[in-house]
$ cat protein10.txt   # compact mmCIF, C-alpha atoms
# COMPACT_ATOMS: atom_id res chain seq x y z
CA MET U 1 -20.66 -0.05 -32.28
CA ALA U 2 -23.02 0.35 -35.24
CA ASP U 3 -22.95 -3.43 -35.77
CA VAL U 4 -23.82 -4.02 -32.11
CA ALA U 5 -26.66 -1.50 -32.31
CA ALA U 6 -28.09 -3.13 -35.45
CA TYR U 7 -27.79 -6.63 -34.00
CA ALA U 8 -29.48 -5.58 -30.75
CA GLY U 9 -32.13 -3.48 -32.50
CA VAL U 10 -31.29 -0.33 -30.56
CA GLY U 11 -29.69 3.03 -31.35
CA MET U 12 -25.96 3.64 -31.17
CA ILE U 13 -26.47 6.08 -28.32
CA THR U 14 -27.94 3.23 -26.26
CA VAL U 15 -24.90 1.07 -26.93
CA SER U 16 -22.65 3.98 -25.97
CA ARG U 17 -24.50 4.48 -22.70
CA VAL U 18 -24.33 0.77 -21.83
CA LEU U 19 -20.55 0.94 -22.29
CA ARG U 20 -19.97 4.30 -20.63
CA GLU U 21 -22.86 4.93 -18.23
CA PRO U 22 -24.64 1.61 -17.59
CA HIS U 23 -26.54 3.10 -14.62
CA ARG U 24 -28.47 5.29 -17.09
CA VAL U 25 -29.83 2.28 -19.02
CA SER U 26 -32.54 -0.14 -17.90
CA GLU U 27 -31.54 -3.65 -16.91
CA THR U 28 -33.44 -5.09 -19.90
CA LEU U 29 -31.62 -2.91 -22.42
CA ARG U 30 -28.29 -3.58 -20.77
CA ARG U 31 -28.87 -7.32 -21.09
CA ILE U 32 -29.88 -7.03 -24.78
CA VAL U 33 -26.84 -4.91 -25.67
CA ASN U 34 -24.41 -7.02 -23.63
CA ASP U 35 -25.73 -10.19 -25.31
CA ALA U 36 -25.08 -8.56 -28.70
CA ILE U 37 -21.59 -7.54 -27.63
CA ARG U 38 -20.80 -11.14 -26.64
CA GLU U 39 -22.28 -12.58 -29.81
CA LEU U 40 -20.25 -10.24 -32.00
CA ASN U 41 -17.09 -10.42 -29.86
CA TYR U 42 -17.02 -6.63 -29.80
CA VAL U 43 -14.15 -5.05 -27.88
CA PRO U 44 -14.24 -1.22 -27.49
CA ASN U 45 -11.16 0.48 -28.95
CA LEU U 46 -9.79 2.55 -26.07
CA SER U 47 -7.37 4.40 -28.32
CA ALA U 48 -10.19 5.47 -30.62
CA ARG U 49 -12.28 6.43 -27.62
CA ALA U 50 -9.42 8.54 -26.30
CA LEU U 51 -9.14 10.37 -29.65
CA ALA U 52 -12.88 11.05 -29.67
CA SER U 53 -13.26 12.10 -26.04
CA THR U 54 -9.68 13.22 -25.15
CA ARG U 55 -9.55 10.59 -22.38
CA SER U 56 -9.38 6.78 -22.49
CA GLY U 57 -11.70 5.89 -19.61
CA VAL U 58 -8.74 4.18 -17.90
CA ILE U 59 -7.41 4.94 -14.42
CA GLY U 60 -3.69 4.27 -14.16
CA ALA U 61 -2.62 2.84 -10.78
CA LEU U 62 1.08 2.63 -9.89
CA VAL U 63 2.04 0.51 -6.88
CA PRO U 64 5.50 -0.58 -5.69
CA SER U 65 4.71 -4.29 -5.38
CA LEU U 66 2.23 -6.85 -6.69
CA THR U 67 3.29 -9.57 -4.23
CA GLN U 68 2.75 -7.77 -0.92
CA VAL U 69 -0.67 -8.20 0.66
CA VAL U 70 -0.61 -4.53 1.63
CA PHE U 71 -0.87 -3.40 -1.99
CA ALA U 72 -3.14 -6.27 -2.97
CA ASP U 73 -5.65 -4.81 -0.50
CA VAL U 74 -5.19 -1.34 -1.99
CA LEU U 75 -5.82 -2.69 -5.48
CA ARG U 76 -8.90 -4.57 -4.30
CA GLY U 77 -10.31 -1.27 -3.06
CA ILE U 78 -9.46 0.40 -6.37
CA TYR U 79 -11.11 -2.31 -8.46
CA ASP U 80 -14.21 -2.38 -6.27
CA GLY U 81 -14.39 1.39 -6.63
CA VAL U 82 -14.93 1.21 -10.40
CA ASP U 83 -17.58 -1.53 -10.25
CA GLY U 84 -20.66 -0.50 -12.18
CA THR U 85 -18.88 2.25 -14.11
CA GLU U 86 -17.28 2.48 -17.55
CA LEU U 87 -13.87 3.07 -15.95
CA GLN U 88 -11.13 0.47 -16.25
CA ILE U 89 -7.93 -0.01 -14.24
CA GLN U 90 -4.43 -0.29 -15.67
CA VAL U 91 -1.83 -1.36 -13.08
CA GLY U 92 1.89 -0.66 -13.15
CA ASN U 93 4.47 -2.16 -10.77
CA THR U 94 7.25 0.32 -9.91
CA ARG U 95 9.23 -2.23 -7.85
CA TYR U 96 10.20 0.53 -5.39
CA ASP U 97 12.32 2.08 -8.15
CA PRO U 98 11.77 5.86 -8.62
CA LEU U 99 13.15 5.75 -12.17
CA GLU U 100 10.83 2.88 -13.08
CA GLU U 101 7.96 4.89 -11.62
CA GLU U 102 9.02 7.87 -13.73
CA ARG U 103 9.08 5.68 -16.84
CA LEU U 104 5.63 4.27 -16.12
CA VAL U 105 4.18 7.72 -15.43
CA GLY U 106 5.32 8.84 -18.88
CA LEU U 107 4.03 5.65 -20.51
CA PHE U 108 0.62 5.85 -18.85
CA LEU U 109 0.15 9.56 -19.52
CA ARG U 110 0.84 9.05 -23.23
CA GLN U 111 -2.25 6.83 -23.25
CA LYS U 112 -4.39 9.77 -22.01
CA PRO U 113 -5.82 8.20 -18.83
CA SER U 114 -8.91 9.61 -17.16
CA ALA U 115 -6.99 9.73 -13.86
CA MET U 116 -3.81 8.53 -12.14
CA ILE U 117 -3.27 6.91 -8.73
CA VAL U 118 0.33 6.79 -7.50
CA SER U 119 1.79 5.38 -4.28
CA GLY U 120 3.69 7.59 -1.89
CA ILE U 121 5.09 11.09 -2.17
CA ASN U 122 8.68 10.49 -3.29
CA GLN U 123 8.30 10.82 -7.04
CA THR U 124 11.29 12.09 -8.99
CA ALA U 125 11.21 15.76 -9.99
CA GLN U 126 10.45 14.74 -13.58
CA ALA U 127 7.64 12.36 -12.59
CA ARG U 128 6.08 15.05 -10.41
CA ARG U 129 6.23 17.60 -13.24
CA MET U 130 4.54 15.15 -15.62
CA LEU U 131 1.80 14.42 -13.09
CA GLU U 132 1.27 18.11 -12.36
CA GLN U 133 0.76 18.70 -16.08
CA ALA U 134 -1.28 15.54 -16.70
CA GLY U 135 -4.58 17.34 -17.22
CA CYS U 136 -6.46 14.68 -15.27
CA PRO U 137 -7.13 13.94 -11.58
CA VAL U 138 -4.06 12.62 -9.72
CA VAL U 139 -4.34 10.95 -6.31
CA GLN U 140 -1.30 10.02 -4.23
CA ILE U 141 -1.98 7.27 -1.70
CA MET U 142 -0.61 5.53 1.42
CA ASP U 143 1.10 8.64 2.78
CA LEU U 144 0.40 12.25 3.71
CA SER U 145 1.93 15.52 2.53
CA PRO U 146 1.04 19.19 2.99
CA ASP U 147 1.86 19.69 -0.69
CA PRO U 148 0.22 16.94 -2.76
CA ILE U 149 0.39 16.94 -6.56
CA ASP U 150 -3.41 17.12 -6.66
CA ARG U 151 -5.02 15.08 -3.88
CA ILE U 152 -3.59 12.65 -1.32
CA ILE U 153 -5.29 9.91 0.70
CA GLY U 154 -3.33 8.05 3.36
CA PHE U 155 -2.04 8.26 6.90
CA SER U 156 0.91 9.49 8.95
CA HIS U 157 3.57 6.81 9.30
CA GLU U 158 5.35 8.91 11.91
CA ASP U 159 2.23 9.23 14.06
CA ALA U 160 1.57 5.50 13.80
CA GLY U 161 5.14 4.65 14.79
CA ARG U 162 5.00 7.00 17.75
CA ARG U 163 1.71 5.62 19.07
CA MET U 164 2.81 1.98 18.86
CA THR U 165 6.06 2.80 20.67
CA GLU U 166 4.11 4.66 23.37
CA HIS U 167 1.99 1.54 23.83
CA LEU U 168 5.13 -0.56 24.38
CA ILE U 169 6.43 1.96 26.90
CA ASP U 170 3.08 1.97 28.71
CA GLN U 171 3.36 -1.81 29.03
CA GLY U 172 6.64 -1.44 30.92
CA TYR U 173 9.15 -2.15 28.16
CA THR U 174 12.26 0.02 28.40
CA ARG U 175 14.78 -1.33 25.85
CA ILE U 176 12.85 -1.31 22.60
CA ALA U 177 14.52 -2.05 19.25
CA PHE U 178 13.27 -1.00 15.83
CA LEU U 179 13.72 -3.59 13.06
CA SER U 180 13.37 -2.69 9.40
CA GLY U 181 14.16 -4.30 6.08
CA TRP U 182 14.86 -1.69 3.44
CA MET U 183 14.60 1.84 4.87
CA ASN U 184 12.33 3.59 2.36
CA SER U 185 10.60 6.89 3.13
CA ARG U 186 7.54 5.26 4.75
CA SER U 187 9.80 3.11 6.93
CA ALA U 188 11.78 6.20 7.87
CA GLY U 189 8.56 7.88 8.98
CA ARG U 190 7.71 4.99 11.31
CA ARG U 191 11.26 5.04 12.67
CA GLY U 192 10.99 8.78 13.26
CA GLY U 193 7.82 8.32 15.32
CA TYR U 194 9.49 5.51 17.29
CA GLN U 195 12.49 7.73 18.07
CA LYS U 196 10.32 10.64 19.18
CA ALA U 197 8.41 8.41 21.61
CA LEU U 198 11.65 7.03 23.10
CA GLU U 199 13.14 10.51 23.42
CA ALA U 200 10.02 11.82 25.16
CA ALA U 201 10.23 8.95 27.66
CA GLY U 202 14.00 9.31 28.18
CA LEU U 203 14.60 5.80 26.77
CA ASP U 204 16.50 6.67 23.60
CA ARG U 205 19.93 5.08 23.34
CA PRO U 206 22.28 4.11 20.49
CA GLY U 207 22.29 0.64 18.95
CA LEU U 208 18.53 -0.01 19.02
CA ILE U 209 17.80 0.46 15.31
CA HIS U 210 18.61 -2.41 12.95
CA SER U 211 17.91 -2.53 9.23
CA ILE U 212 19.18 -4.45 6.25
CA SER U 213 22.87 -3.80 5.66
CA GLU U 214 24.25 -2.29 2.47
CA SER U 215 26.04 -5.55 1.66
CA SER U 216 22.80 -7.51 2.10
CA LEU U 217 20.97 -4.98 -0.04
CA ARG U 218 23.58 -5.37 -2.79
CA HIS U 219 23.18 -9.14 -2.51
CA LEU U 220 19.42 -8.83 -2.99
CA LEU U 221 19.88 -6.48 -5.92
CA ASP U 222 22.25 -8.99 -7.52
CA LYS U 223 19.64 -11.77 -7.32
CA VAL U 224 17.89 -11.80 -10.66
CA ASN U 225 14.60 -13.45 -11.53
CA PRO U 226 15.48 -15.66 -14.52
CA ALA U 227 11.97 -15.27 -15.96
CA THR U 228 12.09 -11.47 -16.11
CA GLY U 229 15.75 -10.54 -15.82
CA ARG U 230 14.81 -8.10 -13.04
CA PRO U 231 16.16 -7.98 -9.48
CA MET U 232 14.31 -10.07 -6.91
CA LEU U 233 13.56 -7.44 -4.29
CA GLU U 234 12.23 -9.20 -1.19
CA PHE U 235 13.04 -6.89 1.69
CA ALA U 236 10.63 -8.48 4.18
CA THR U 237 10.75 -12.18 5.01
CA PRO U 238 10.44 -14.09 8.30
CA ALA U 239 14.06 -15.20 7.84
CA LEU U 240 15.17 -11.57 7.67
CA GLY U 241 13.15 -10.84 10.80
CA ARG U 242 15.00 -13.60 12.63
CA GLU U 243 18.36 -12.33 11.40
CA LEU U 244 17.68 -8.74 12.44
CA PHE U 245 16.42 -9.89 15.85
CA ARG U 246 19.58 -11.94 16.44
CA ARG U 247 21.60 -8.86 15.55
CA ALA U 248 19.57 -6.72 17.95
CA LEU U 249 20.05 -9.21 20.81
CA ALA U 250 23.78 -9.38 20.18
CA ALA U 251 23.97 -5.56 20.34
CA ASP U 252 21.85 -5.35 23.52
CA PRO U 253 21.29 -8.60 25.47
CA ALA U 254 18.97 -6.69 27.84
CA LEU U 255 16.55 -5.97 25.00
CA ASP U 256 12.95 -6.50 26.09
CA ALA U 257 10.83 -5.45 23.09
CA VAL U 258 10.95 -5.00 19.32
CA PHE U 259 8.85 -2.81 17.05
CA CYS U 260 9.04 -4.24 13.54
CA ASN U 261 8.56 -2.12 10.44
CA ASN U 262 6.12 -4.72 9.08
CA ASP U 263 4.26 -7.83 10.17
CA ILE U 264 6.43 -10.29 8.20
CA LEU U 265 9.49 -9.29 10.22
CA ALA U 266 7.46 -9.53 13.45
CA LEU U 267 6.51 -13.10 12.58
CA GLY U 268 10.20 -13.93 12.11
CA VAL U 269 10.97 -12.45 15.55
CA LEU U 270 8.26 -14.66 17.08
CA PHE U 271 9.79 -17.74 15.42
CA GLU U 272 13.23 -16.86 16.82
CA CYS U 273 11.79 -16.34 20.30
CA LEU U 274 10.09 -19.73 20.15
CA GLN U 275 13.35 -21.40 19.15
CA ARG U 276 15.32 -19.68 21.92
CA GLY U 277 12.71 -20.23 24.62
CA ILE U 278 12.16 -16.50 25.06
CA ARG U 279 8.75 -15.89 26.62
CA VAL U 280 6.40 -13.51 24.81
CA PRO U 281 5.29 -11.08 26.21
CA GLU U 282 6.97 -11.60 29.61
CA ASP U 283 10.58 -11.50 28.38
CA MET U 284 10.06 -9.92 24.97
CA GLY U 285 7.32 -7.74 23.51
CA ILE U 286 6.71 -7.94 19.75
CA ALA U 287 4.82 -5.44 17.60
CA GLY U 288 4.42 -5.14 13.84
CA PHE U 289 2.93 -2.81 11.26
CA ASN U 290 -0.04 -3.19 8.84
CA ASP U 291 -2.01 -5.79 10.87
CA LEU U 292 -2.20 -8.60 8.33
CA ASP U 293 -4.63 -11.43 9.04
CA PHE U 294 -2.07 -13.80 10.58
CA MET U 295 -1.21 -11.34 13.37
CA GLU U 296 -4.41 -12.10 15.25
CA ALA U 297 -4.16 -15.84 14.45
CA ALA U 298 -0.58 -16.23 15.72
CA GLU U 299 0.17 -17.82 19.10
CA PRO U 300 0.55 -15.63 20.99
CA SER U 301 -1.44 -13.11 18.96
CA LEU U 302 0.74 -10.25 17.74
CA SER U 303 0.14 -6.54 18.25
CA SER U 304 0.30 -4.36 15.16
CA VAL U 305 -0.63 -1.02 13.64
CA ARG U 306 -3.75 -1.49 11.51
CA THR U 307 -3.68 0.45 8.24
CA HIS U 308 -6.88 0.95 6.24
CA ARG U 309 -5.49 -0.13 2.88
CA TYR U 310 -8.77 -1.11 1.20
CA ARG U 311 -10.35 2.18 2.24
CA VAL U 312 -7.41 4.13 0.79
CA GLY U 313 -7.83 2.49 -2.63
CA HIS U 314 -11.61 2.75 -2.63
CA SER U 315 -11.56 6.39 -1.47
CA ALA U 316 -9.07 7.30 -4.20
CA VAL U 317 -11.45 6.03 -6.88
CA ALA U 318 -14.44 7.67 -5.18
CA ALA U 319 -12.66 11.06 -5.27
CA ILE U 320 -11.75 10.54 -8.93
CA ARG U 321 -15.31 9.64 -9.88
CA GLU U 322 -16.64 12.75 -8.16
CA GLN U 323 -14.08 14.94 -9.90
CA LEU U 324 -14.79 13.41 -13.32
CA ALA U 325 -18.50 14.02 -12.75
CA GLY U 326 -17.83 17.69 -12.08
CA ARG U 327 -18.63 17.44 -8.39
CA SER U 328 -16.49 18.25 -5.37
CA PRO U 329 -14.09 15.33 -4.71
CA GLY U 330 -13.66 16.26 -1.05
CA PRO U 331 -10.56 17.49 0.78
CA ARG U 332 -7.19 17.67 -0.96
CA ILE U 333 -5.66 15.87 2.02
CA LEU U 334 -7.59 12.95 3.50
CA ASP U 335 -6.10 11.24 6.57
CA VAL U 336 -7.79 7.85 7.03
CA GLY U 337 -5.80 7.26 10.25
CA THR U 338 -4.43 4.07 11.78
CA GLU U 339 -5.30 1.91 14.78
CA VAL U 340 -2.96 0.39 17.36
CA MET U 341 -4.18 -3.19 17.72
CA THR U 342 -2.96 -4.41 21.12
CA ARG U 343 -2.77 -8.18 21.60
CA ARG U 344 -1.03 -10.74 23.81
CA SER U 345 2.46 -10.21 22.38
CA THR U 346 2.71 -6.85 24.16
CA ALA U 347 0.44 -7.46 27.18
CA ARG U 348 3.27 -7.36 29.71
CA ALA U 349 1.57 -5.06 32.22
CA THR U 350 -1.58 -7.17 32.13
CA ARG U 351 0.47 -10.32 32.74
CA ARG U 352 2.16 -8.81 35.81
CA THR U 353 -1.05 -7.81 37.55
$ encode --input "protein10.txt" --output "structure tokens"
Amino acid sequence: MADVAAYAGVGMITVSRVLREPHRVSETLRRIVNDAIRELNYVPNLSARALASTRSGVIGALVPSLTQVVFADVLRGIYDGVDGTELQIQVGNTRYDPLEEERLVGLFLRQKPSAMIVSGINQTAQARRMLEQAGCPVVQIMDLSPDPIDRIIGFSHEDAGRRMTEHLIDQGYTRIAFLSGWMNSRSAGRRGGYQKALEAAGLDRPGLIHSISESSLRHLLDKVNPATGRPMLEFATPALGRELFRRALAADPALDAVFCNNDILALGVLFECLQRGIRVPEDMGIAGFNDLDFMEAAEPSLSSVRTHRYRVGHSAVAAIREQLAGRSPGPRILDVGTEVMTRRSTARATRRT
């Protein structure tokens, strides 16, 4: 840092501010210092910074997947949230494995992060204890809980599942299946909302819920990525959606609608309907979850539950920045809500009038 200051002809405190608090330095000085940094190939030592300031200036973000668009949107919000600040993001992929999440929590906390962002509420007891004792802001995301570790920003999966199912019932569908890949806690919440809506309408009956079988799950766990040696966990593909839909039809040939745990499965159901000549929405209603871009572009367009993934990530960083600045970060529990996006794939009542 002293070399950069000498090269740029400024004081070390100016260099420090450019690196840590660029908004406090004029554009001209920032340009001079940044030019010196590039010329000298200076890279700040985060470990040394952590020793000097007790924190590294890094926000650790743990997500269960780096391939799903859902979490790509969350990460985009997180990265945009640190723009213009000295904060950096370190990402860890838990692969939906609680023990891997626990390992990464320990690894990240040893590096003295300025804050942690973790997905969901189902941490192991040990991971939760470590996060409770982290000594830095911790934000859980993509779910809700009355007892967060520190703060939580997300939405109710149960409420979203209930409201989408109520929409299907309002459209005149009476035999509605629920299709899910792997039944994790968030999927179970959506299923719970679906079941409550059916029970309230007197439409609940056995044999309507279909998820990936234990044998299929073992098969997926046995598939190893040769590059990493890790299991290839792909619990949501259009092919799986088609398979689960065929299973649902075999169990109940009078089926007239499906609520899919995610949009990828819903797309697979649409493909199977097209192959079988099943009319959508007249003979079969299709709804998904997350409202990815292709849902509106499909033919017919597919109804889905819109989740505000970018906002969740961005809001998590905003709360952290406020807390680090010594200001109020807002409520401990922030419900960003969901929207039921109704499209042609469930417009049965409209079609009949």
$ closest_residue --input "protein10.txt" --among "U:Ile286, U:Ala325, U:Leu208, U:Ala160" --to "Ala177 in chain U" --atoms "only C-alpha atoms"
U:Leu208
$ closest_residue --input "protein10.txt" --among "U:Asp3, U:Asp291, U:Asp73, U:Glu102" --to "Met142 in chain U" --atoms "all atoms listed in the file"
U:Asp73
$ closest_residue --input "protein10.txt" --among "U:Glu296, U:Gly241, U:Ala134, U:Ala201" --to "Cys273 in chain U" --atoms "all atoms listed in the file"
U:Gly241
$ residues_around --input "protein10.txt" --residues "Ile78 in chain U" --least-positions-apart "5" --cutoff "7 Å" --atoms "only C-alpha atoms" --output "list in words"
Gly313, His314 and Val317 of chain U
$ residues_around --input "protein10.txt" --residues "range 15-27 of chain U" --least-positions-apart "2" --cutoff "9 Å" --atoms "only C-alpha atoms" --output "ChimeraX atom specification"
/U:1-2,4-5,8,10-13,29-34,44,57,84-87
$ closest_residue --input "protein10.txt" --among "U:Gly202, U:Pro331, U:Pro137, U:Gly189" --to "His157 in chain U" --atoms "only C-alpha atoms"
U:Gly189
$ atom_distance --input "protein10.txt" --atom1 "CA of Leu267 in chain U" --atom2 "CA of Ala72 in chain U"
19.5 Å
$ atom_distance --input "protein10.txt" --atom1 "CA of His210 in chain U" --atom2 "CA of Tyr173 in chain U"
17.9 Å
$ closest_residue --input "protein10.txt" --among "U:Ile209, U:Cys260, U:Val58, U:Leu40" --to "Val82 in chain U" --atoms "all atoms listed in the file"
U:Val58
$ atom_distance --input "protein10.txt" --atom1 "CA of Ala319 in chain U" --atom2 "CA of Ser185 in chain U"
25.1 Å
$ residues_around --input "protein10.txt" --residues "Glu322 in chain U" --least-positions-apart "6" --cutoff "12 Å" --atoms "only C-alpha atoms" --output "list in words"
Gly81, Val82, Ala115, Pro137, Ser315, Ala316, Ser328, Pro329, Gly330 and Pro331 of chain U
$ closest_residue --input "protein10.txt" --among "U:Phe108, U:Phe289, U:Tyr79, U:Phe271" --to "Arg246 in chain U" --atoms "all atoms listed in the file"
U:Phe271
$ residues_around --input "protein10.txt" --residues "Thr338 in chain U" --least-positions-apart "6" --cutoff "10 Å" --atoms "only C-alpha atoms" --output "ChimeraX atom specification"
/U:154-157,159-160,163,290,305-309
$ residues_around --input "protein10.txt" --residues "Arg103 in chain U" --least-positions-apart "2" --cutoff "12 Å" --atoms "all atoms listed in the file" --output "VMD selection string"
chain U and resid 62 92 to 95 97 to 101 105 to 110 123 to 124 126 to 128 130 to 131
